[in-house]
$ cat target_30.cif   # mmCIF, N, CA and C atoms
data_structure
loop_
_atom_site.label_atom_id
_atom_site.label_comp_id
_atom_site.auth_asym_id
_atom_site.auth_seq_id
_atom_site.Cartn_x
_atom_site.Cartn_y
_atom_site.Cartn_z
N GLU F 1 4.06 13.92 13.77
CA GLU F 1 2.72 14.02 14.30
C GLU F 1 2.15 12.61 14.56
N VAL F 2 2.34 11.71 13.59
CA VAL F 2 1.82 10.34 13.74
C VAL F 2 2.53 9.62 14.87
N PHE F 3 3.84 9.79 14.96
CA PHE F 3 4.59 9.12 16.03
C PHE F 3 4.20 9.67 17.39
N ARG F 4 3.95 10.95 17.48
CA ARG F 4 3.52 11.55 18.76
C ARG F 4 2.14 11.05 19.16
N ALA F 5 1.29 10.75 18.19
CA ALA F 5 -0.08 10.31 18.47
C ALA F 5 -0.15 8.84 18.87
N ARG F 6 0.92 8.10 18.66
CA ARG F 6 0.94 6.67 19.03
C ARG F 6 0.93 6.51 20.54
N ALA F 7 0.15 5.58 21.02
CA ALA F 7 0.10 5.32 22.46
C ALA F 7 0.80 4.01 22.81
N ALA F 8 0.81 3.07 21.90
CA ALA F 8 1.35 1.74 22.20
C ALA F 8 2.75 1.58 21.63
N GLY F 9 3.39 0.48 22.02
CA GLY F 9 4.71 0.16 21.49
C GLY F 9 4.60 -0.47 20.11
N PHE F 10 5.75 -0.79 19.56
CA PHE F 10 5.77 -1.42 18.24
C PHE F 10 5.64 -2.93 18.35
N SER F 11 5.05 -3.53 17.36
CA SER F 11 4.95 -4.99 17.27
C SER F 11 6.34 -5.58 17.03
N ALA F 12 6.46 -6.84 17.31
CA ALA F 12 7.73 -7.54 17.03
C ALA F 12 7.95 -7.57 15.52
N PRO F 13 9.20 -7.57 15.08
CA PRO F 13 9.46 -7.65 13.64
C PRO F 13 8.81 -8.89 13.03
N ALA F 14 8.33 -8.74 11.83
CA ALA F 14 7.67 -9.85 11.12
C ALA F 14 8.71 -10.88 10.68
N ALA F 15 8.34 -12.12 10.75
CA ALA F 15 9.18 -13.20 10.24
C ALA F 15 8.58 -13.60 8.89
N LEU F 16 9.16 -13.09 7.83
CA LEU F 16 8.66 -13.35 6.48
C LEU F 16 9.66 -14.18 5.70
N PRO F 17 9.18 -14.94 4.74
CA PRO F 17 10.10 -15.74 3.92
C PRO F 17 10.92 -14.83 3.00
N ALA F 18 11.98 -15.39 2.44
CA ALA F 18 12.82 -14.64 1.50
C ALA F 18 12.07 -14.34 0.21
N GLY F 19 11.07 -15.12 -0.09
CA GLY F 19 10.27 -14.93 -1.29
C GLY F 19 8.99 -15.73 -1.18
N TRP F 20 8.10 -15.55 -2.14
CA TRP F 20 6.82 -16.25 -2.15
C TRP F 20 6.62 -16.98 -3.46
N ALA F 21 5.89 -18.05 -3.40
CA ALA F 21 5.60 -18.83 -4.61
C ALA F 21 4.55 -18.15 -5.48
N SER F 22 3.74 -17.28 -4.88
CA SER F 22 2.68 -16.63 -5.64
C SER F 22 2.27 -15.33 -4.96
N LEU F 23 1.57 -14.51 -5.71
CA LEU F 23 1.03 -13.27 -5.16
C LEU F 23 0.05 -13.58 -4.04
N ASP F 24 -0.76 -14.60 -4.22
CA ASP F 24 -1.74 -14.95 -3.18
C ASP F 24 -1.05 -15.31 -1.87
N ALA F 25 0.08 -16.04 -1.95
CA ALA F 25 0.82 -16.40 -0.74
C ALA F 25 1.39 -15.16 -0.08
N MET F 26 1.94 -14.26 -0.88
CA MET F 26 2.49 -13.02 -0.32
C MET F 26 1.38 -12.18 0.31
N ALA F 27 0.26 -12.03 -0.39
CA ALA F 27 -0.84 -11.23 0.13
C ALA F 27 -1.38 -11.82 1.43
N ALA F 28 -1.45 -13.15 1.51
CA ALA F 28 -1.93 -13.79 2.74
C ALA F 28 -0.99 -13.53 3.91
N ASP F 29 0.31 -13.63 3.66
CA ASP F 29 1.28 -13.36 4.73
C ASP F 29 1.20 -11.91 5.18
N LEU F 30 1.13 -11.00 4.23
CA LEU F 30 1.09 -9.58 4.58
C LEU F 30 -0.25 -9.19 5.22
N ALA F 31 -1.33 -9.85 4.82
CA ALA F 31 -2.64 -9.56 5.42
C ALA F 31 -2.67 -9.91 6.90
N ALA F 32 -1.83 -10.86 7.31
CA ALA F 32 -1.78 -11.26 8.71
C ALA F 32 -1.02 -10.25 9.57
N LEU F 33 -0.36 -9.31 8.92
CA LEU F 33 0.42 -8.30 9.64
C LEU F 33 -0.33 -6.98 9.66
N GLY F 34 0.16 -6.06 10.42
CA GLY F 34 -0.44 -4.74 10.47
C GLY F 34 0.63 -3.67 10.47
N ASN F 35 0.20 -2.43 10.47
CA ASN F 35 1.10 -1.29 10.54
C ASN F 35 0.75 -0.58 11.84
N ASP F 36 1.68 -0.57 12.78
CA ASP F 36 1.42 0.04 14.09
C ASP F 36 1.10 1.52 14.01
N LEU F 37 1.47 2.14 12.91
CA LEU F 37 1.21 3.58 12.77
C LEU F 37 -0.13 3.89 12.11
N GLU F 38 -0.81 2.85 11.62
CA GLU F 38 -2.07 3.10 10.93
C GLU F 38 -3.16 3.70 11.82
N PRO F 39 -3.40 3.17 13.03
CA PRO F 39 -4.46 3.79 13.85
C PRO F 39 -4.25 5.28 14.14
N PRO F 40 -3.04 5.70 14.56
CA PRO F 40 -2.90 7.14 14.79
C PRO F 40 -2.95 7.95 13.48
N ALA F 41 -2.42 7.40 12.40
CA ALA F 41 -2.47 8.12 11.11
C ALA F 41 -3.91 8.30 10.66
N LEU F 42 -4.73 7.26 10.80
CA LEU F 42 -6.14 7.36 10.43
C LEU F 42 -6.88 8.37 11.30
N ALA F 43 -6.53 8.41 12.58
CA ALA F 43 -7.18 9.37 13.47
C ALA F 43 -6.83 10.81 13.08
N LEU F 44 -5.59 11.01 12.65
CA LEU F 44 -5.14 12.34 12.27
C LEU F 44 -5.60 12.73 10.86
N ARG F 45 -5.61 11.77 9.96
CA ARG F 45 -5.94 12.03 8.56
C ARG F 45 -6.91 10.95 8.06
N PRO F 46 -8.19 11.11 8.31
CA PRO F 46 -9.18 10.12 7.89
C PRO F 46 -9.17 9.82 6.39
N VAL F 47 -8.63 10.72 5.58
CA VAL F 47 -8.57 10.47 4.14
C VAL F 47 -7.76 9.21 3.83
N ILE F 48 -6.87 8.82 4.71
CA ILE F 48 -6.10 7.58 4.50
C ILE F 48 -7.06 6.40 4.42
N GLY F 49 -8.07 6.38 5.26
CA GLY F 49 -9.08 5.33 5.20
C GLY F 49 -9.85 5.35 3.89
N GLU F 50 -10.11 6.55 3.36
CA GLU F 50 -10.78 6.66 2.06
C GLU F 50 -9.90 6.11 0.95
N VAL F 51 -8.60 6.40 1.00
CA VAL F 51 -7.67 5.89 0.00
C VAL F 51 -7.63 4.36 0.05
N LEU F 52 -7.51 3.82 1.25
CA LEU F 52 -7.46 2.36 1.39
C LEU F 52 -8.74 1.71 0.90
N ALA F 53 -9.88 2.31 1.22
CA ALA F 53 -11.16 1.76 0.75
C ALA F 53 -11.25 1.81 -0.77
N ALA F 54 -10.79 2.92 -1.36
CA ALA F 54 -10.83 3.05 -2.82
C ALA F 54 -9.91 2.03 -3.48
N LEU F 55 -8.74 1.81 -2.89
CA LEU F 55 -7.83 0.78 -3.42
C LEU F 55 -8.47 -0.60 -3.35
N ARG F 56 -9.02 -0.93 -2.18
CA ARG F 56 -9.64 -2.25 -1.99
C ARG F 56 -10.82 -2.47 -2.92
N ALA F 57 -11.47 -1.40 -3.33
CA ALA F 57 -12.63 -1.50 -4.22
C ALA F 57 -12.24 -1.73 -5.68
N GLN F 58 -10.98 -1.56 -6.00
CA GLN F 58 -10.55 -1.73 -7.39
C GLN F 58 -10.55 -3.21 -7.77
N PRO F 59 -11.05 -3.52 -8.95
CA PRO F 59 -11.04 -4.91 -9.40
C PRO F 59 -9.61 -5.47 -9.40
N GLY F 60 -9.45 -6.63 -8.81
CA GLY F 60 -8.16 -7.30 -8.81
C GLY F 60 -7.23 -6.91 -7.68
N CYS F 61 -7.64 -6.00 -6.80
CA CYS F 61 -6.76 -5.64 -5.68
C CYS F 61 -6.71 -6.79 -4.68
N ARG F 62 -5.53 -7.32 -4.48
CA ARG F 62 -5.36 -8.45 -3.55
C ARG F 62 -5.09 -7.99 -2.13
N LEU F 63 -4.49 -6.80 -2.00
CA LEU F 63 -4.16 -6.28 -0.67
C LEU F 63 -3.95 -4.78 -0.80
N ALA F 64 -4.48 -4.01 0.11
CA ALA F 64 -4.24 -2.56 0.15
C ALA F 64 -3.73 -2.22 1.54
N ARG F 65 -2.70 -1.43 1.58
CA ARG F 65 -2.09 -1.07 2.86
C ARG F 65 -1.56 0.35 2.85
N MET F 66 -1.32 0.86 4.04
CA MET F 66 -0.65 2.11 4.24
C MET F 66 0.82 1.79 4.46
N SER F 67 1.69 2.56 3.84
CA SER F 67 3.12 2.36 3.99
C SER F 67 3.67 3.36 5.01
N GLY F 68 4.50 2.88 5.89
CA GLY F 68 5.15 3.76 6.86
C GLY F 68 4.16 4.51 7.72
N SER F 69 4.36 5.82 7.81
CA SER F 69 3.51 6.64 8.68
C SER F 69 2.33 7.27 7.94
N GLY F 70 2.08 6.82 6.72
CA GLY F 70 0.87 7.24 6.03
C GLY F 70 1.05 8.13 4.82
N ALA F 71 2.28 8.41 4.44
CA ALA F 71 2.48 9.27 3.27
C ALA F 71 2.07 8.56 1.98
N THR F 72 2.06 7.24 2.00
CA THR F 72 1.75 6.46 0.81
C THR F 72 0.84 5.30 1.17
N CYS F 73 -0.10 5.02 0.29
CA CYS F 73 -0.90 3.80 0.37
C CYS F 73 -0.67 3.06 -0.93
N PHE F 74 -0.79 1.75 -0.89
CA PHE F 74 -0.53 0.96 -2.08
C PHE F 74 -1.47 -0.22 -2.15
N GLY F 75 -1.62 -0.73 -3.35
CA GLY F 75 -2.40 -1.93 -3.57
C GLY F 75 -1.56 -2.93 -4.34
N LEU F 76 -1.73 -4.20 -4.03
CA LEU F 76 -1.08 -5.27 -4.77
C LEU F 76 -2.10 -5.87 -5.73
N PHE F 77 -1.72 -5.95 -6.99
CA PHE F 77 -2.58 -6.48 -8.04
C PHE F 77 -1.87 -7.64 -8.72
N ALA F 78 -2.63 -8.50 -9.37
CA ALA F 78 -2.08 -9.71 -9.98
C ALA F 78 -1.08 -9.41 -11.09
N ASP F 79 -1.30 -8.34 -11.84
CA ASP F 79 -0.34 -8.01 -12.90
C ASP F 79 -0.37 -6.52 -13.19
N ALA F 80 0.60 -6.08 -13.98
CA ALA F 80 0.76 -4.66 -14.26
C ALA F 80 -0.45 -4.06 -14.96
N ALA F 81 -1.06 -4.79 -15.86
CA ALA F 81 -2.21 -4.25 -16.61
C ALA F 81 -3.38 -3.95 -15.68
N VAL F 82 -3.62 -4.82 -14.72
CA VAL F 82 -4.72 -4.61 -13.77
C VAL F 82 -4.40 -3.40 -12.88
N ALA F 83 -3.15 -3.30 -12.45
CA ALA F 83 -2.74 -2.15 -11.64
C ALA F 83 -2.85 -0.85 -12.43
N GLU F 84 -2.43 -0.87 -13.68
CA GLU F 84 -2.52 0.31 -14.53
C GLU F 84 -3.97 0.74 -14.72
N ALA F 85 -4.86 -0.23 -14.85
CA ALA F 85 -6.28 0.08 -15.04
C ALA F 85 -6.89 0.70 -13.79
N ALA F 86 -6.37 0.40 -12.61
CA ALA F 86 -6.91 0.94 -11.37
C ALA F 86 -6.52 2.39 -11.14
N ALA F 87 -5.37 2.79 -11.65
CA ALA F 87 -4.84 4.13 -11.35
C ALA F 87 -5.79 5.27 -11.74
N PRO F 88 -6.40 5.28 -12.93
CA PRO F 88 -7.29 6.40 -13.28
C PRO F 88 -8.47 6.58 -12.31
N ALA F 89 -9.00 5.49 -11.81
CA ALA F 89 -10.11 5.60 -10.86
C ALA F 89 -9.68 6.30 -9.58
N LEU F 90 -8.45 6.09 -9.18
CA LEU F 90 -7.94 6.73 -7.97
C LEU F 90 -7.61 8.20 -8.24
N ARG F 91 -7.13 8.50 -9.43
CA ARG F 91 -6.82 9.89 -9.78
C ARG F 91 -8.07 10.76 -9.79
N ARG F 92 -9.22 10.15 -10.07
CA ARG F 92 -10.48 10.93 -10.09
C ARG F 92 -10.76 11.58 -8.74
N HIS F 93 -10.17 11.03 -7.68
CA HIS F 93 -10.34 11.61 -6.34
C HIS F 93 -9.39 12.78 -6.12
N GLY F 94 -8.50 13.00 -7.09
CA GLY F 94 -7.50 14.06 -6.93
C GLY F 94 -6.20 13.56 -6.32
N TRP F 95 -6.08 12.26 -6.17
CA TRP F 95 -4.88 11.67 -5.58
C TRP F 95 -3.88 11.32 -6.68
N TRP F 96 -2.62 11.39 -6.36
CA TRP F 96 -1.59 10.90 -7.27
C TRP F 96 -1.70 9.38 -7.27
N ALA F 97 -1.63 8.77 -8.42
CA ALA F 97 -1.72 7.31 -8.51
C ALA F 97 -0.87 6.84 -9.68
N TRP F 98 -0.23 5.72 -9.48
CA TRP F 98 0.56 5.07 -10.51
C TRP F 98 0.24 3.59 -10.45
N GLY F 99 0.17 2.95 -11.58
CA GLY F 99 -0.06 1.51 -11.63
C GLY F 99 0.90 0.87 -12.60
N GLY F 100 1.46 -0.22 -12.22
CA GLY F 100 2.38 -0.94 -13.10
C GLY F 100 3.11 -2.02 -12.34
N ALA F 101 4.10 -2.58 -12.99
CA ALA F 101 4.89 -3.66 -12.39
C ALA F 101 6.12 -3.09 -11.70
N LEU F 102 6.45 -3.62 -10.55
CA LEU F 102 7.66 -3.22 -9.85
C LEU F 102 8.86 -4.04 -10.31
N THR F 103 8.62 -5.20 -10.87
CA THR F 103 9.72 -6.03 -11.35
C THR F 103 10.50 -5.28 -12.41
N GLY F 104 11.78 -5.16 -12.19
CA GLY F 104 12.63 -4.51 -13.18
C GLY F 104 12.66 -3.00 -13.11
N VAL F 105 12.03 -2.38 -12.12
CA VAL F 105 12.02 -0.92 -12.03
C VAL F 105 13.43 -0.37 -11.93
N ALA F 106 14.25 -0.97 -11.07
CA ALA F 106 15.62 -0.48 -10.90
C ALA F 106 16.40 -0.59 -12.20
N GLU F 107 16.20 -1.66 -12.93
CA GLU F 107 16.91 -1.84 -14.18
C GLU F 107 16.46 -0.81 -15.21
N ARG F 108 15.16 -0.52 -15.28
CA ARG F 108 14.67 0.48 -16.23
C ARG F 108 15.19 1.86 -15.89
N ARG F 109 15.26 2.19 -14.61
CA ARG F 109 15.77 3.49 -14.21
C ARG F 109 17.26 3.62 -14.56
N ALA F 110 17.99 2.51 -14.45
CA ALA F 110 19.42 2.55 -14.74
C ALA F 110 19.69 2.48 -16.24
N GLY F 111 18.64 2.23 -17.02
CA GLY F 111 18.80 2.16 -18.47
C GLY F 111 19.42 0.87 -18.95
N THR F 112 19.35 -0.18 -18.13
CA THR F 112 19.90 -1.48 -18.54
C THR F 112 18.82 -2.42 -19.00
#

$ encode --input "target_30.cif" --output "structure tokens"
Amino acid sequence: EVFRARAAGFSAPAALPAGWASLDAMAADLAALGNDLEPPALALRPVIGEVLAALRAQPGCRLARMSGSGATCFGLFADAAVAEAAAPALRRHGWWAWGGALTGVAERRAGT
């Protein structure tokens, strides 16, 4: 539905570094980019805009974005504790929310 609602072509692939020296550097680079599917997704499902606004309103949110075609929105926070603290406020809206660190997720899932 989102792809059918798109009128324009896709942006050129982003030229991003292999890594960042800090969260602020990463957030700045990502803030300069956009998601070509966001305008049609927002038109079809305005709740996505509500989710993004709620994420941006959380203390410590450095960047909030829609992922892919809109099935997920996410926020980048300075550390896991701040992200964990934001999740309950988002759940109050009835949305699924998780907060924590992504570093080491694969290792924890593998049990190593």

$ atom_distance --input "target_30.cif" --atom1 "CA of Asp24 (chain F)" --atom2 "CA of Ser69 (chain F)"
25.2 Å

$ atom_distance --input "target_30.cif" --atom1 "atom C of Ala81 (chain F)" --atom2 "CA of Ala32 (chain F)"
25.5 Å

$ resolve_selection --input "target_30.cif" --expression "the PyMOL selection byres (((chain F and resi 38 and name CA) around 9) and name CA)" --output "list in words"
Val2, Gly34, Asn35, Asp36, Leu37, Pro39, Pro40, Ala41, Leu42, Ala43, Ile48, Met66, Ser67, Gly68, Ser69 and Gly70 of chain F

$ select_by_dssp --input "target_30.cif" --residues "region 21-109 of chain F" --states "alpha helix (DSSP H)" --output "PyMOL selection string"
chain F and resi 23-31+38-44+47-56+80-91+105-109

$ write_last_selection --input "target_30.cif" --atoms "N, CA and C atoms" --output "CSV table (one decimal), in the coordinates of the input"
chain,number,residue,atom,x,y,z
F,23,LEU,N,1.6,-14.5,-5.7
F,23,LEU,CA,1.0,-13.3,-5.2
F,23,LEU,C,0.0,-13.6,-4.0
F,24,ASP,N,-0.8,-14.6,-4.2
F,24,ASP,CA,-1.7,-15.0,-3.2
F,24,ASP,C,-1.0,-15.3,-1.9
F,25,ALA,N,0.1,-16.0,-2.0
F,25,ALA,CA,0.8,-16.4,-0.7
F,25,ALA,C,1.4,-15.2,-0.1
F,26,MET,N,1.9,-14.3,-0.9
F,26,MET,CA,2.5,-13.0,-0.3
F,26,MET,C,1.4,-12.2,0.3
F,27,ALA,N,0.3,-12.0,-0.4
F,27,ALA,CA,-0.8,-11.2,0.1
F,27,ALA,C,-1.4,-11.8,1.4
F,28,ALA,N,-1.4,-13.2,1.5
F,28,ALA,CA,-1.9,-13.8,2.7
F,28,ALA,C,-1.0,-13.5,3.9
F,29,ASP,N,0.3,-13.6,3.7
F,29,ASP,CA,1.3,-13.4,4.7
F,29,ASP,C,1.2,-11.9,5.2
F,30,LEU,N,1.1,-11.0,4.2
F,30,LEU,CA,1.1,-9.6,4.6
F,30,LEU,C,-0.2,-9.2,5.2
F,31,ALA,N,-1.3,-9.8,4.8
F,31,ALA,CA,-2.6,-9.6,5.4
F,31,ALA,C,-2.7,-9.9,6.9
F,38,GLU,N,-0.8,2.8,11.6
F,38,GLU,CA,-2.1,3.1,10.9
F,38,GLU,C,-3.2,3.7,11.8
F,39,PRO,N,-3.4,3.2,13.0
F,39,PRO,CA,-4.5,3.8,13.8
F,39,PRO,C,-4.2,5.3,14.1
F,40,PRO,N,-3.0,5.7,14.6
F,40,PRO,CA,-2.9,7.1,14.8
F,40,PRO,C,-3.0,8.0,13.5
F,41,ALA,N,-2.4,7.4,12.4
F,41,ALA,CA,-2.5,8.1,11.1
F,41,ALA,C,-3.9,8.3,10.7
F,42,LEU,N,-4.7,7.3,10.8
F,42,LEU,CA,-6.1,7.4,10.4
F,42,LEU,C,-6.9,8.4,11.3
F,43,ALA,N,-6.5,8.4,12.6
F,43,ALA,CA,-7.2,9.4,13.5
F,43,ALA,C,-6.8,10.8,13.1
F,44,LEU,N,-5.6,11.0,12.6
F,44,LEU,CA,-5.1,12.3,12.3
F,44,LEU,C,-5.6,12.7,10.9
F,47,VAL,N,-8.6,10.7,5.6
F,47,VAL,CA,-8.6,10.5,4.1
F,47,VAL,C,-7.8,9.2,3.8
F,48,ILE,N,-6.9,8.8,4.7
F,48,ILE,CA,-6.1,7.6,4.5
F,48,ILE,C,-7.1,6.4,4.4
F,49,GLY,N,-8.1,6.4,5.3
F,49,GLY,CA,-9.1,5.3,5.2
F,49,GLY,C,-9.8,5.4,3.9
F,50,GLU,N,-10.1,6.6,3.4
F,50,GLU,CA,-10.8,6.7,2.1
F,50,GLU,C,-9.9,6.1,1.0
F,51,VAL,N,-8.6,6.4,1.0
F,51,VAL,CA,-7.7,5.9,0.0
F,51,VAL,C,-7.6,4.4,0.0
F,52,LEU,N,-7.5,3.8,1.2
F,52,LEU,CA,-7.5,2.4,1.4
F,52,LEU,C,-8.7,1.7,0.9
F,53,ALA,N,-9.9,2.3,1.2
F,53,ALA,CA,-11.2,1.8,0.8
F,53,ALA,C,-11.2,1.8,-0.8
F,54,ALA,N,-10.8,2.9,-1.4
F,54,ALA,CA,-10.8,3.0,-2.8
F,54,ALA,C,-9.9,2.0,-3.5
F,55,LEU,N,-8.7,1.8,-2.9
F,55,LEU,CA,-7.8,0.8,-3.4
F,55,LEU,C,-8.5,-0.6,-3.4
F,56,ARG,N,-9.0,-0.9,-2.2
F,56,ARG,CA,-9.6,-2.2,-2.0
F,56,ARG,C,-10.8,-2.5,-2.9
F,80,ALA,N,0.6,-6.1,-14.0
F,80,ALA,CA,0.8,-4.7,-14.3
F,80,ALA,C,-0.4,-4.1,-15.0
F,81,ALA,N,-1.1,-4.8,-15.9
F,81,ALA,CA,-2.2,-4.2,-16.6
F,81,ALA,C,-3.4,-4.0,-15.7
F,82,VAL,N,-3.6,-4.8,-14.7
F,82,VAL,CA,-4.7,-4.6,-13.8
F,82,VAL,C,-4.4,-3.4,-12.9
F,83,ALA,N,-3.2,-3.3,-12.4
F,83,ALA,CA,-2.7,-2.2,-11.6
F,83,ALA,C,-2.8,-0.8,-12.4
F,84,GLU,N,-2.4,-0.9,-13.7
F,84,GLU,CA,-2.5,0.3,-14.5
F,84,GLU,C,-4.0,0.7,-14.7
F,85,ALA,N,-4.9,-0.2,-14.8
F,85,ALA,CA,-6.3,0.1,-15.0
F,85,ALA,C,-6.9,0.7,-13.8
F,86,ALA,N,-6.4,0.4,-12.6
F,86,ALA,CA,-6.9,0.9,-11.4
F,86,ALA,C,-6.5,2.4,-11.1
F,87,ALA,N,-5.4,2.8,-11.6
F,87,ALA,CA,-4.8,4.1,-11.4
F,87,ALA,C,-5.8,5.3,-11.7
F,88,PRO,N,-6.4,5.3,-12.9
F,88,PRO,CA,-7.3,6.4,-13.3
F,88,PRO,C,-8.5,6.6,-12.3
F,89,ALA,N,-9.0,5.5,-11.8
F,89,ALA,CA,-10.1,5.6,-10.9
F,89,ALA,C,-9.7,6.3,-9.6
F,90,LEU,N,-8.4,6.1,-9.2
F,90,LEU,CA,-7.9,6.7,-8.0
F,90,LEU,C,-7.6,8.2,-8.2
F,91,ARG,N,-7.1,8.5,-9.4
F,91,ARG,CA,-6.8,9.9,-9.8
F,91,ARG,C,-8.1,10.8,-9.8
F,105,VAL,N,12.0,-2.4,-12.1
F,105,VAL,CA,12.0,-0.9,-12.0
F,105,VAL,C,13.4,-0.4,-11.9
F,106,ALA,N,14.2,-1.0,-11.1
F,106,ALA,CA,15.6,-0.5,-10.9
F,106,ALA,C,16.4,-0.6,-12.2
F,107,GLU,N,16.2,-1.7,-12.9
F,107,GLU,CA,16.9,-1.8,-14.2
F,107,GLU,C,16.5,-0.8,-15.2
F,108,ARG,N,15.2,-0.5,-15.3
F,108,ARG,CA,14.7,0.5,-16.2
F,108,ARG,C,15.2,1.9,-15.9
F,109,ARG,N,15.3,2.2,-14.6
F,109,ARG,CA,15.8,3.5,-14.2
F,109,ARG,C,17.3,3.6,-14.6

$ atom_distance --input "target_30.cif" --atom1 "CA of Arg92 (chain F)" --atom2 "CA of Val47 (chain F)"
14.4 Å

$ closest_residue --input "target_30.cif" --among "F:Val51, F:Ala18, F:Ala101, F:Ala5" --to "Cys73 (chain F)" --atoms "all atoms listed in the file"
F:Val51

$ residues_around --input "target_30.cif" --residues "Phe77 (chain F)" --least-positions-apart "5" --cutoff "7 Å" --atoms "only C-alpha atoms" --output "PyMOL selection string"
chain F and resi 60-62+82-83

$ select_by_dssp --input "target_30.cif" --residues "chain F" --states "strand (DSSP E or B)" --output "PyMOL selection string"
chain F and resi 61-67+72-77

$ closest_residue --input "target_30.cif" --among "F:Leu30, F:Ala14, F:Ala97, F:Leu102" --to "Asp79 (chain F)" --atoms "all atoms listed in the file"
F:Leu102

$ residues_around --input "target_30.cif" --residues "Ala87 (chain F)" --least-positions-apart "2" --cutoff "6 Å" --atoms "only C-alpha atoms" --output "ChimeraX atom specification"
/F:84-85,89-90,97-99

$ closest_residue --input "target_30.cif" --among "F:Pro13, F:Leu23, F:Arg65, F:Leu44" --to "Glu1 (chain F)" --atoms "only C-alpha atoms"
F:Leu44

$ axis_aligned_box --input "target_30.cif" --around "region 83-97 of chain F" --padding-each-side "4 Å" --output "JSON"
{"center_x": -5.8, "center_y": 5.4, "center_z": -10.3, "size_x": 17.9, "size_y": 25.4, "size_z": 17.5}

$ decode --input "target_30.cif" --residues "region 49-54 of chain F" --atoms "all heavy atoms" --output "short mmCIF file (atom, residue, chain, number, x, y, z; two decimals), in the first residue's frame"
data_model
loop_
_atom_site.label_atom_id
_atom_site.label_comp_id
_atom_site.auth_asym_id
_atom_site.auth_seq_id
_atom_site.Cartn_x
_atom_site.Cartn_y
_atom_site.Cartn_z
N GLY F 49 2.92 9.53 12.54
CA GLY F 49 3.35 10.86 12.98
C GLY F 49 3.19 11.02 14.49
O GLY F 49 4.03 11.65 15.14
N GLU F 50 2.14 10.43 15.05
CA GLU F 50 1.94 10.49 16.51
C GLU F 50 3.05 9.71 17.22
O GLU F 50 3.55 10.16 18.26
CB GLU F 50 0.58 9.89 16.87
CG GLU F 50 -0.60 10.68 16.35
CD GLU F 50 -1.92 9.96 16.60
OE1 GLU F 50 -2.03 9.26 17.63
OE2 GLU F 50 -2.82 10.09 15.76
N VAL F 51 3.42 8.55 16.68
CA VAL F 51 4.49 7.75 17.28
C VAL F 51 5.81 8.52 17.24
O VAL F 51 6.53 8.60 18.24
CB VAL F 51 4.63 6.39 16.56
CG1 VAL F 51 5.86 5.64 17.05
CG2 VAL F 51 3.37 5.55 16.74
N LEU F 52 6.12 9.10 16.08
CA LEU F 52 7.36 9.87 15.96
C LEU F 52 7.38 11.06 16.91
O LEU F 52 8.39 11.33 17.55
CB LEU F 52 7.56 10.32 14.51
CG LEU F 52 7.85 9.20 13.52
CD1 LEU F 52 7.81 9.73 12.09
CD2 LEU F 52 9.19 8.54 13.82
N ALA F 53 6.26 11.75 17.02
CA ALA F 53 6.19 12.89 17.94
C ALA F 53 6.38 12.44 19.38
O ALA F 53 7.07 13.10 20.17
CB ALA F 53 4.86 13.63 17.78
N ALA F 54 5.76 11.32 19.75
CA ALA F 54 5.90 10.80 21.11
C ALA F 54 7.33 10.39 21.39
O ALA F 54 7.86 10.63 22.49
CB ALA F 54 4.95 9.63 21.33
#
